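Chemist: Take a look at final-v4.txt, compact mmCIF, C-alpha atoms and all ligand atoms:
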```txt
# COMPACT_ATOMS: atom_id res chain seq x y z
CA MET A 1 5.92 -26.15 -44.25
CA THR A 2 6.19 -26.18 -40.48
CA GLN A 3 4.66 -23.77 -37.99
CA VAL A 4 6.09 -23.26 -34.53
CA ARG A 5 4.43 -21.52 -31.59
CA GLU A 6 6.27 -21.24 -28.31
CA ILE A 7 3.91 -21.50 -25.34
CA SER A 8 5.00 -19.74 -22.22
CA THR A 9 3.19 -20.14 -18.90
CA ALA A 10 4.12 -20.03 -15.23
CA SER A 11 4.63 -23.79 -15.15
CA GLY A 12 6.73 -24.09 -18.27
CA LYS A 13 7.77 -23.06 -21.74
CA TYR A 14 7.47 -25.37 -24.73
CA PRO A 15 7.24 -25.26 -28.51
CA VAL A 16 4.21 -26.53 -30.41
CA VAL A 17 5.44 -27.62 -33.83
CA ILE A 18 2.88 -28.34 -36.55
CA GLY A 19 3.60 -29.82 -39.96
CA SER A 20 3.53 -32.86 -42.19
CA GLY A 21 5.97 -35.72 -41.59
CA LEU A 22 7.00 -34.69 -38.08
CA LEU A 23 6.90 -38.23 -36.70
CA ARG A 24 10.08 -38.96 -38.67
CA SER A 25 11.81 -35.98 -37.15
CA VAL A 26 11.08 -36.78 -33.50
CA PRO A 27 14.79 -37.68 -32.86
CA ARG A 28 15.94 -34.38 -34.35
CA TRP A 29 13.62 -32.49 -32.04
CA LEU A 30 14.73 -34.54 -29.05
CA ARG A 31 18.32 -33.55 -29.75
CA HIS A 32 17.25 -29.96 -30.17
CA LEU A 33 15.63 -30.19 -26.72
CA GLN A 34 18.93 -31.57 -25.38
CA PHE A 35 17.67 -35.10 -24.81
CA SER A 36 20.62 -37.08 -26.04
CA PRO A 37 20.30 -40.82 -26.70
CA LYS A 38 22.89 -41.71 -24.06
CA ALA A 39 21.54 -43.91 -21.27
CA ARG A 40 18.09 -42.62 -21.85
CA LEU A 41 15.31 -45.11 -22.45
CA LEU A 42 12.22 -43.59 -24.04
CA GLY A 43 8.69 -44.82 -23.36
CA ILE A 44 6.10 -44.42 -26.12
CA VAL A 45 2.53 -44.37 -24.77
CA ALA A 46 -0.19 -45.03 -27.36
CA ASP A 47 -3.60 -46.62 -27.62
CA GLN A 48 -3.60 -49.93 -29.45
CA SER A 49 -5.09 -48.67 -32.69
CA VAL A 50 -2.77 -45.66 -32.96
CA ALA A 51 0.16 -47.90 -32.03
CA GLU A 52 -0.67 -50.26 -34.90
CA ARG A 53 -0.76 -47.38 -37.35
CA TYR A 54 2.03 -45.09 -36.26
CA ALA A 55 4.31 -46.53 -33.57
CA ALA A 56 6.64 -48.32 -36.01
CA GLU A 57 7.36 -45.06 -37.83
CA VAL A 58 8.42 -43.37 -34.60
CA GLU A 59 10.36 -46.39 -33.31
CA GLU A 60 12.33 -46.74 -36.54
CA ALA A 61 13.18 -43.06 -36.66
CA LEU A 62 14.37 -43.20 -33.04
CA GLN A 63 16.41 -46.34 -33.61
CA GLU A 64 18.17 -44.85 -36.63
CA GLU A 65 19.36 -42.01 -34.42
CA GLY A 66 20.54 -44.26 -31.62
CA TYR A 67 17.62 -43.86 -29.24
CA GLN A 68 16.23 -46.88 -27.42
CA SER A 69 12.51 -47.00 -26.92
CA VAL A 70 9.84 -49.23 -25.52
CA LEU A 71 6.21 -49.17 -26.63
CA MET A 72 3.52 -49.16 -23.94
CA THR A 73 -0.08 -49.53 -25.06
CA PHE A 74 -3.59 -49.35 -23.66
CA PRO A 75 -7.04 -50.10 -25.21
CA SER A 76 -8.43 -47.28 -27.40
CA GLY A 77 -11.17 -45.06 -26.02
CA GLU A 78 -12.18 -42.78 -23.18
CA ASP A 79 -12.66 -45.73 -20.78
CA SER A 80 -8.90 -46.04 -20.64
CA LYS A 81 -8.54 -42.66 -18.95
CA SER A 82 -8.64 -44.47 -15.62
CA LEU A 83 -6.46 -45.14 -12.60
CA ARG A 84 -6.50 -48.81 -13.58
CA GLN A 85 -4.90 -48.09 -16.97
CA LEU A 86 -2.50 -45.65 -15.33
CA GLU A 87 -1.38 -48.46 -13.05
CA GLY A 88 -1.15 -50.83 -16.03
CA LEU A 89 1.11 -48.39 -17.87
CA ALA A 90 3.22 -47.88 -14.75
CA THR A 91 3.67 -51.66 -14.60
CA GLN A 92 4.78 -51.72 -18.24
CA ALA A 93 7.11 -48.79 -17.60
CA SER A 94 8.66 -50.37 -14.55
CA GLN A 95 9.11 -53.78 -16.18
CA ALA A 96 10.75 -52.15 -19.20
CA GLY A 97 13.19 -50.37 -16.91
CA LEU A 98 12.08 -46.76 -17.35
CA ASP A 99 13.69 -44.66 -14.65
CA ARG A 100 14.19 -41.06 -13.63
CA THR A 101 16.37 -40.39 -16.66
CA SER A 102 13.64 -41.53 -19.04
CA LEU A 103 11.36 -39.47 -21.21
CA LEU A 104 7.83 -40.33 -22.36
CA LEU A 105 6.35 -39.75 -25.78
CA THR A 106 2.55 -39.70 -25.88
CA LEU A 107 1.41 -40.73 -29.33
CA GLY A 108 -2.29 -40.35 -30.15
CA GLY A 109 -5.35 -38.29 -29.39
CA GLY A 110 -6.45 -36.52 -26.24
CA VAL A 111 -6.73 -39.77 -24.32
CA ALA A 112 -3.08 -40.71 -24.91
CA GLY A 113 -2.06 -37.14 -24.08
CA ASP A 114 -4.09 -36.95 -20.86
CA LEU A 115 -3.33 -40.48 -19.62
CA GLY A 116 0.29 -40.62 -20.81
CA GLY A 117 0.88 -37.07 -19.61
CA PHE A 118 -0.48 -37.96 -16.18
CA LEU A 119 1.80 -41.00 -16.10
CA ALA A 120 4.66 -38.61 -16.87
CA ALA A 121 3.53 -36.36 -14.02
CA VAL A 122 3.51 -39.10 -11.39
CA TYR A 123 5.89 -41.89 -12.49
CA MET A 124 8.92 -41.69 -10.19
CA ARG A 125 7.64 -38.25 -9.13
CA GLY A 126 7.67 -36.90 -12.63
CA LEU A 127 9.32 -37.41 -16.00
CA PRO A 128 9.57 -35.03 -18.94
CA PHE A 129 7.28 -35.85 -21.83
CA VAL A 130 6.70 -34.87 -25.44
CA GLN A 131 3.26 -34.98 -27.04
CA LEU A 132 2.76 -36.40 -30.52
CA PRO A 133 -0.91 -35.62 -31.24
CA THR A 134 -2.71 -37.57 -33.98
CA THR A 135 -6.30 -36.29 -33.82
CA LEU A 136 -7.84 -32.96 -34.74
CA LEU A 137 -9.31 -32.69 -31.26
CA ALA A 138 -5.83 -33.00 -29.79
CA HIS A 139 -5.09 -29.43 -30.96
CA ASP A 140 -7.18 -28.49 -27.95
CA ALA A 141 -5.99 -31.22 -25.60
CA SER A 142 -2.26 -30.80 -26.22
CA VAL A 143 -2.07 -27.10 -25.32
CA GLY A 144 -2.61 -25.91 -21.78
CA GLY A 145 -0.67 -28.35 -19.66
CA LYS A 146 -3.61 -30.25 -18.19
CA VAL A 147 -3.20 -34.01 -17.82
CA GLY A 148 -5.29 -36.51 -15.93
CA VAL A 149 -7.71 -39.40 -15.79
CA ASP A 150 -11.43 -39.84 -15.16
CA HIS A 151 -13.02 -41.11 -11.95
CA PRO A 152 -16.34 -43.02 -11.86
CA LEU A 153 -17.88 -39.91 -10.27
CA ALA A 154 -16.59 -37.35 -12.77
CA LYS A 155 -14.52 -36.85 -15.89
CA ASN A 156 -10.99 -35.49 -15.39
CA LEU A 157 -11.38 -35.61 -11.59
CA LEU A 158 -7.77 -36.67 -11.01
CA GLY A 159 -5.05 -34.74 -12.72
CA ALA A 160 -2.24 -32.26 -12.70
CA PHE A 161 -0.79 -29.33 -14.55
CA TRP A 162 2.21 -30.94 -16.18
CA PRO A 163 3.25 -29.21 -19.40
CA PRO A 164 5.10 -31.21 -22.06
CA LYS A 165 8.62 -30.33 -23.18
CA ALA A 166 7.30 -30.05 -26.73
CA VAL A 167 4.27 -30.83 -28.86
CA LEU A 168 5.11 -32.26 -32.30
CA TYR A 169 1.92 -32.34 -34.31
CA ASP A 170 2.22 -34.39 -37.50
CA VAL A 171 -0.78 -33.43 -39.64
CA ALA A 172 -0.09 -36.37 -41.99
CA THR A 173 -1.58 -38.62 -39.31
CA LEU A 174 -4.97 -36.88 -39.63
CA ARG A 175 -5.59 -38.62 -42.98
CA THR A 176 -6.64 -41.84 -41.28
CA LEU A 177 -9.19 -40.26 -38.92
CA SER A 178 -12.80 -41.39 -39.25
CA ASP A 179 -15.38 -38.75 -40.23
CA GLU A 180 -16.69 -38.94 -36.67
CA GLU A 181 -13.27 -37.98 -35.31
CA TRP A 182 -12.94 -35.15 -37.84
CA ARG A 183 -16.28 -33.73 -36.68
CA ASN A 184 -15.26 -34.21 -33.08
CA GLY A 185 -12.18 -32.02 -33.53
CA LEU A 186 -13.84 -29.58 -35.87
CA GLY A 187 -16.38 -28.56 -33.21
CA GLU A 188 -13.53 -27.30 -31.00
CA LEU A 189 -11.56 -25.74 -33.84
CA VAL A 190 -14.54 -23.74 -35.03
CA LYS A 191 -15.17 -22.72 -31.42
CA HIS A 192 -11.63 -21.36 -31.22
CA GLY A 193 -12.25 -19.31 -34.36
CA LEU A 194 -15.55 -18.10 -33.01
CA LEU A 195 -14.05 -16.85 -29.78
CA GLY A 196 -10.74 -15.49 -30.94
CA ASP A 197 -10.11 -15.54 -34.70
CA SER A 198 -13.08 -14.54 -36.80
CA ALA A 199 -11.09 -14.92 -40.05
CA LEU A 200 -10.31 -18.55 -39.15
CA PHE A 201 -14.00 -19.18 -38.49
CA GLU A 202 -14.98 -17.58 -41.78
CA GLU A 203 -12.32 -19.42 -43.79
CA ILE A 204 -13.34 -22.82 -42.47
CA VAL A 205 -17.01 -22.11 -43.06
CA SER A 206 -16.50 -20.78 -46.61
CA THR A 207 -14.32 -23.81 -47.44
CA ALA A 208 -17.06 -26.08 -46.12
CA HIS A 209 -19.63 -24.24 -48.25
CA ALA A 210 -17.42 -24.54 -51.33
CA LEU A 211 -16.34 -28.16 -50.96
CA GLY A 212 -19.43 -29.64 -49.32
CA PRO A 213 -19.75 -32.50 -46.85
CA LYS A 214 -16.54 -34.11 -45.65
CA PHE A 215 -14.60 -31.10 -46.90
CA TRP A 216 -11.92 -32.05 -44.39
CA ARG A 217 -10.74 -34.83 -46.70
CA GLN A 218 -10.20 -32.38 -49.57
CA VAL A 219 -8.29 -29.80 -47.57
CA SER A 220 -4.50 -29.99 -48.04
CA GLN A 221 -2.07 -30.77 -45.24
CA GLU A 222 -0.60 -27.29 -45.67
CA GLN A 223 -4.02 -25.79 -45.09
CA TRP A 224 -4.60 -27.98 -42.03
CA THR A 225 -1.20 -26.92 -40.70
CA VAL A 226 -2.23 -23.27 -40.94
CA TRP A 227 -5.70 -23.78 -39.48
CA LEU A 228 -4.41 -25.86 -36.59
CA ALA A 229 -1.71 -23.29 -35.87
CA ARG A 230 -4.37 -20.60 -35.71
CA GLY A 231 -6.71 -22.63 -33.49
CA ILE A 232 -3.76 -23.34 -31.21
CA GLU A 233 -2.85 -19.65 -31.24
CA VAL A 234 -6.27 -18.77 -29.83
CA LYS A 235 -6.01 -21.34 -27.05
CA ALA A 236 -2.36 -20.46 -26.38
CA ARG A 237 -3.07 -16.75 -25.94
CA ILE A 238 -5.73 -17.58 -23.38
CA VAL A 239 -3.85 -20.20 -21.36
CA GLU A 240 -0.75 -18.02 -21.29
CA GLN A 241 -2.75 -15.35 -19.51
CA ASP A 242 -4.76 -17.67 -17.33
CA GLU A 243 -3.19 -21.07 -16.92
CA ARG A 244 -5.13 -22.01 -13.81
CA GLU A 245 -8.58 -21.19 -15.09
CA THR A 246 -9.50 -18.31 -12.83
CA GLY A 247 -10.51 -15.79 -15.47
CA MET A 248 -10.10 -15.69 -19.23
CA ARG A 249 -9.74 -19.43 -19.61
CA ARG A 250 -13.46 -19.61 -18.96
CA LEU A 251 -13.98 -18.22 -22.48
CA LEU A 252 -12.91 -21.63 -23.75
CA ASN A 253 -16.05 -23.04 -22.15
CA ALA A 254 -18.24 -21.49 -24.84
CA GLY A 255 -20.73 -24.12 -25.95
CA HIS A 256 -19.70 -26.38 -23.09
CA THR A 257 -22.42 -25.84 -20.47
CA VAL A 258 -25.17 -27.00 -22.81
CA GLY A 259 -22.65 -29.20 -24.67
CA HIS A 260 -21.70 -31.22 -21.59
CA ALA A 261 -25.39 -31.62 -20.75
CA VAL A 262 -26.12 -32.89 -24.28
CA GLU A 263 -23.12 -35.23 -24.16
CA TRP A 264 -24.17 -36.65 -20.82
CA ALA A 265 -27.89 -36.88 -21.64
CA SER A 266 -27.07 -38.76 -24.85
CA SER A 267 -24.97 -41.19 -22.78
CA TYR A 268 -21.96 -40.03 -24.83
CA ARG A 269 -23.52 -41.16 -28.11
CA LEU A 270 -22.75 -37.68 -29.38
CA ARG A 271 -19.05 -36.92 -29.54
CA HIS A 272 -17.70 -34.03 -27.51
CA GLY A 273 -17.12 -31.68 -30.47
CA GLU A 274 -20.59 -32.42 -31.85
CA ALA A 275 -22.15 -31.65 -28.49
CA VAL A 276 -20.12 -28.41 -28.31
CA SER A 277 -21.54 -27.40 -31.71
CA ILE A 278 -25.10 -27.94 -30.48
CA GLY A 279 -24.13 -26.10 -27.28
CA LEU A 280 -22.76 -23.08 -29.16
CA VAL A 281 -26.05 -22.61 -31.01
CA ALA A 282 -28.17 -23.08 -27.87
CA GLU A 283 -25.96 -20.69 -25.92
CA SER A 284 -26.16 -18.05 -28.64
CA ARG A 285 -29.94 -18.32 -28.26
CA ILE A 286 -29.52 -17.70 -24.55
CA ALA A 287 -27.52 -14.58 -25.45
CA LEU A 288 -30.34 -13.56 -27.79
CA ARG A 289 -32.89 -14.04 -25.03
CA LEU A 290 -30.75 -11.85 -22.76
CA GLY A 291 -30.67 -9.14 -25.43
CA MET A 292 -26.93 -9.51 -26.03
CA THR A 293 -26.96 -10.51 -29.67
CA SER A 294 -29.18 -10.49 -32.75
CA ALA A 295 -31.31 -13.19 -34.33
CA ASP A 296 -29.16 -12.75 -37.45
CA PHE A 297 -26.09 -13.91 -35.56
CA VAL A 298 -27.89 -16.97 -34.20
CA TYR A 299 -28.99 -17.94 -37.73
CA LEU A 300 -25.54 -17.30 -39.15
CA LEU A 301 -23.90 -19.43 -36.47
CA GLU A 302 -26.38 -22.25 -36.94
CA ALA A 303 -26.01 -22.24 -40.73
CA SER A 304 -22.21 -22.05 -40.48
CA LEU A 305 -21.87 -25.00 -38.13
CA ALA A 306 -24.35 -27.02 -40.19
CA ALA A 307 -22.33 -26.26 -43.34
CA CYS A 308 -19.31 -27.71 -41.55
CA GLY A 309 -21.21 -30.97 -41.14
CA LEU A 310 -21.77 -30.42 -37.44
CA PRO A 311 -25.06 -31.07 -35.64
CA VAL A 312 -26.84 -27.91 -34.47
CA THR A 313 -30.06 -29.06 -32.85
CA ILE A 314 -30.63 -31.03 -29.70
CA PRO A 315 -31.63 -34.61 -30.65
CA SER A 316 -35.35 -35.09 -30.05
CA ASP A 317 -34.89 -38.05 -27.72
CA LEU A 318 -33.10 -35.90 -25.14
CA THR A 319 -35.65 -34.42 -22.78
CA VAL A 320 -35.34 -30.91 -21.36
CA GLU A 321 -35.69 -32.43 -17.87
CA ARG A 322 -32.59 -34.53 -18.38
CA LEU A 323 -30.61 -31.65 -19.84
CA MET A 324 -31.65 -29.40 -16.96
CA GLN A 325 -30.58 -32.10 -14.50
CA ALA A 326 -27.04 -31.87 -15.87
CA ILE A 327 -27.08 -28.06 -16.04
CA SER A 328 -28.38 -27.75 -12.48
CA ARG A 329 -25.53 -29.97 -11.32
CA ASP A 330 -23.16 -27.54 -13.04
CA LYS A 331 -24.91 -24.65 -11.35
CA LYS A 332 -24.63 -26.32 -7.96
CA LYS A 333 -20.89 -26.50 -8.44
CA GLN A 334 -20.77 -22.75 -9.11
CA GLY A 335 -22.97 -21.63 -6.23
CA SER A 336 -26.24 -19.82 -6.64
CA ALA A 337 -25.89 -18.35 -10.12
CA LEU A 338 -25.16 -19.88 -13.47
CA ALA A 339 -22.22 -18.37 -15.33
CA MET A 340 -21.65 -19.11 -19.00
CA ALA A 341 -19.41 -18.06 -21.86
CA LEU A 342 -21.95 -16.96 -24.47
CA PRO A 343 -21.19 -16.45 -28.19
CA VAL A 344 -22.52 -13.04 -29.21
CA ALA A 345 -20.76 -12.36 -32.54
CA VAL A 346 -18.23 -14.01 -34.83
CA GLY A 347 -15.02 -13.35 -32.93
CA GLU A 348 -16.70 -12.52 -29.64
CA VAL A 349 -17.66 -14.62 -26.63
CA ARG A 350 -18.72 -12.97 -23.39
CA ILE A 351 -18.64 -14.31 -19.86
CA VAL A 352 -22.04 -13.73 -18.32
CA GLU A 353 -22.49 -14.28 -14.60
CA GLN A 354 -25.85 -14.82 -12.93
CA ILE A 355 -27.85 -16.25 -15.78
CA PRO A 356 -31.32 -17.15 -14.46
CA ILE A 357 -31.81 -20.88 -14.82
CA GLU A 358 -35.36 -20.27 -16.11
CA VAL A 359 -33.94 -18.52 -19.17
CA VAL A 360 -31.85 -21.58 -19.96
CA GLN A 361 -34.84 -23.87 -19.48
CA GLU A 362 -37.00 -21.69 -21.71
CA VAL A 363 -34.45 -21.69 -24.52
CA LEU A 364 -33.96 -25.44 -24.31
CA THR A 365 -37.72 -25.93 -24.39
CA TYR A 366 -38.76 -23.48 -27.10
CA GLY A 367 -35.50 -22.85 -28.96
N1 LIG B 401 -6.04 -31.81 -21.42
C1 LIG B 401 -6.89 -30.98 -22.00
O1 LIG B 401 -6.78 -29.76 -21.87
C2 LIG B 401 -7.98 -31.53 -22.85
C3 LIG B 401 -8.72 -30.67 -23.68
C4 LIG B 401 -9.70 -31.22 -24.51
C5 LIG B 401 -9.94 -32.59 -24.48
N2 LIG B 401 -9.21 -33.40 -23.65
C6 LIG B 401 -9.46 -34.85 -23.59
O2 LIG B 401 -9.21 -35.42 -24.87
C7 LIG B 401 -9.92 -36.65 -24.93
C8 LIG B 401 -10.52 -36.81 -26.31
O3 LIG B 401 -9.50 -36.75 -27.27
P1 LIG B 401 -9.64 -37.50 -28.67
O4 LIG B 401 -10.94 -37.19 -29.27
O5 LIG B 401 -8.41 -37.22 -29.44
O6 LIG B 401 -9.75 -39.03 -28.21
P2 LIG B 401 -8.88 -40.34 -28.43
O7 LIG B 401 -7.47 -40.12 -28.01
O8 LIG B 401 -9.60 -41.46 -27.76
O9 LIG B 401 -8.93 -40.56 -30.00
C9 LIG B 401 -10.18 -40.83 -30.60
C10 LIG B 401 -10.13 -42.11 -31.44
O10 LIG B 401 -9.37 -41.87 -32.61
C11 LIG B 401 -8.40 -42.88 -32.81
N3 LIG B 401 -7.27 -42.24 -33.47
C12 LIG B 401 -6.39 -41.39 -32.94
N4 LIG B 401 -5.57 -40.91 -33.88
C13 LIG B 401 -5.93 -41.50 -35.04
C14 LIG B 401 -5.47 -41.39 -36.38
N5 LIG B 401 -4.50 -40.55 -36.72
N6 LIG B 401 -6.07 -42.14 -37.31
C15 LIG B 401 -7.09 -42.96 -36.99
N7 LIG B 401 -7.59 -43.10 -35.75
C16 LIG B 401 -7.01 -42.36 -34.79
C17 LIG B 401 -8.11 -43.41 -31.43
O11 LIG B 401 -7.63 -44.73 -31.48
C18 LIG B 401 -9.48 -43.31 -30.76
O12 LIG B 401 -10.23 -44.44 -31.05
C19 LIG B 401 -10.96 -36.61 -23.84
O13 LIG B 401 -10.63 -37.53 -22.82
C20 LIG B 401 -10.89 -35.19 -23.32
O14 LIG B 401 -11.20 -35.10 -21.93
C21 LIG B 401 -8.25 -32.89 -22.85
ZN ZN B 402 -14.15 -29.15 -25.08
```
Please express the file's structure as structure tokens.
Ligand SMILES: NC(=O)c1ccc[n+]([C@@H]2O[C@H](COP(=O)([O-])OP(=O)(O)OC[C@H]3O[C@@H](n4cnc5c(N)ncnc54)[C@H](O)[C@@H]3O)[C@@H](O)[C@H]2O)c1
Ligand SMILES: [Zn+2]
Modeler:
Amino acid sequence: MTQVREISTASGKYPVVIGSGLLRSVPRWLRHLQFSPKARLLGIVADQSVAERYAAEVEEALQEEGYQSVLMTFPSGEDSKSLRQLEGLATQASQAGLDRTSLLLTLGGGVAGDLGGFLAAVYMRGLPFVQLPTTLLAHDASVGGKVGVDHPLAKNLLGAFWPPKAVLYDVATLRTLSDEEWRNGLGELVKHGLLGDSALFEEIVSTAHALGPKFWRQVSQEQWTVWLARGIEVKARIVEQDERETGMRRLLNAGHTVGHAVEWASSYRLRHGEAVSIGLVAESRIALRLGMTSADFVYLLEASLAACGLPVTIPSDLTVERLMQAISRDKKKQGSALAMALPVAVGEVRIVEQIPIEVVQEVLTYG
């Protein structure tokens, strides 16, 4: 079973294809997209650990269909989202002879997509690229057209809007993810349900209740295909209406104001999706304090995320002072008031402008 969603924004139109075994059908999709093998050298960008697991499968499939490809790798992990690695990949690309007629394939998680996509945006003033996501979190990263690298002063400081020509999401690759990486992606998937597909949220939570911890390993690839398609649907609907993040796209920041603070204060010990889960609960408490939701919803949200194996409370070693330091920095960026996307019901997140910083501090202090 394969699901296809065509994304259509001002800067481009591309299909997101989700299913099992898609890595083998990359050449078929390339032909479908009118990228013929003739005189076209393909560059595959992957981190070393993903390359060891999955590059051969893609390379063989391409070779069988007459495509020539070269594998370009970088060390696994967020640290590689840097200008230094971008330059390293450009060196590999240039030495391998990639030119304006080439196409890049980014194979891996959000880091490969962001870094490889940014290489595609700037190498020889821009090459087409196709994303081959291999993490659960990449369902978020591969839709929306944002690519880029980090700077020592801030994450994602350097980047571009450079949509792929296609996203081919092979759910069979998810099998080899660590539990930590499953949780990391699950935080964002559940967030997408929470803000735009209450049935998705409820299905994931009831499955987690029924199957218990690490339920993700017992869920079939068909089921993951459907869930991912629905999570992507939520994000797609929003980015289609607001590609450049001036309005609705802010809804996607639910859980992220407190989440980013938790991530930063823990020195990134907590993974992004885990921090988002903690952030969603804290931000629903802020909504409660502002009289926008009920205590029942806060409890339901907390119990649901916990049932999914996600953390829901701020680790005790993170002080409120440190969290507020990060949140105040966020506030400074926005001007005088703090705006947040607050969860208020299953299926509803509201943008609230002008949240008094004292309310946030109170909630982080007393819960
Ligand atoms: N562009 C966007 O809109 C957007 C949105 C959300 C997140 N992001 C970015 O995504 C990045 C995080 O993505 P990520 O969590 O996928 O990180 P990642 O790409 O570093 O992958 C996480 C780890 O999983 C490993 N891995 C990947 N696929 C695997 C597989 N199938 N089996 C086993 N191991 C595998 C990788 O080697 C890596 O160690 C961040 O840099 C974040 O800023 C971007
Ligand atoms: Zn996020």
Chemist: Quick one: residues within 10 Å of stretch 266-283 of chain A, only C-alpha atoms counted, chain neighbours fewer than 4 positions away excluded, as a ChimeraX atom specification?
Modeler: /A:137,180-191,194,253-262,287-289,297-303,305-306,309-315,317-319,322-323,340-344,360,363-364,367
Chemist: Provide the atom CA of A:His32 to atom CA of A:Phe161 distance in Å, to one decimal place.
Modeler: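 Separating atom CA of A:His32 from atom CA of A:Phe161 is a distance of 23.9 Å.
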Chemist: Check the smallest atom-to-atom distance from each of A:Ser294, A:Val346, A:Thr365, A:Arg250 to ligand ZN 402 (chain B) using all atoms listed in the file, then report the winner.
Modeler: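 Nearest candidate to ligand ZN 402 (chain B) out of A:Ser294, A:Val346, A:Thr365, A:Arg250: A:Arg250.
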Chemist: To one decimal place, how far is atom CA of A:Gln325 from atom CA of A:Glu358 in Å?
Modeler: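 We find that atom CA of A:Gln325 and atom CA of A:Glu358 lie 12.9 Å from each other.
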Chemist: Extract, using all atoms listed in the file, all DNA, RNA and protein residues at most 8 Å from A:Asp197, discarding same-chain residues fewer than 4 positions from it, and format them as a list in words.
Modeler: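 In the requested format, the answer is His192, Gly193, Phe201, Arg230, Gly231, Val234 and Gly347 of chain A.
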Chemist: So that I can look at just that part, could you write stretch 235-254 of chain A with C-alpha atoms, as a short mmCIF file (atom, residue, chain, number, x, y, z; two decimals), in the first residue's frame?
Modeler:
```
data_model
loop_
_atom_site.label_atom_id
_atom_site.label_comp_id
_atom_site.auth_asym_id
_atom_site.auth_seq_id
_atom_site.Cartn_x
_atom_site.Cartn_y
_atom_site.Cartn_z
CA LYS A 235 1.52 19.78 8.22
CA ALA A 236 0.85 19.99 4.47
CA ARG A 237 -2.47 21.78 4.90
CA ILE A 238 -0.78 24.37 7.07
CA VAL A 239 2.33 24.99 4.97
CA GLU A 240 0.25 25.19 1.81
CA GLN A 241 -1.62 28.11 3.30
CA ASP A 242 1.34 29.73 4.98
CA GLU A 243 4.65 28.66 3.53
CA ARG A 244 6.63 31.59 4.89
CA GLU A 245 5.48 31.36 8.48
CA THR A 246 3.55 34.58 8.81
CA GLY A 247 0.30 33.19 10.17
CA MET A 248 -1.07 29.68 10.48
CA ARG A 249 2.31 28.01 10.38
CA ARG A 250 2.77 29.26 13.91
CA LEU A 251 0.28 26.59 15.02
CA LEU A 252 3.04 24.07 14.38
CA ASN A 253 4.96 25.68 17.23
CA ALA A 254 2.63 24.15 19.81
#
```
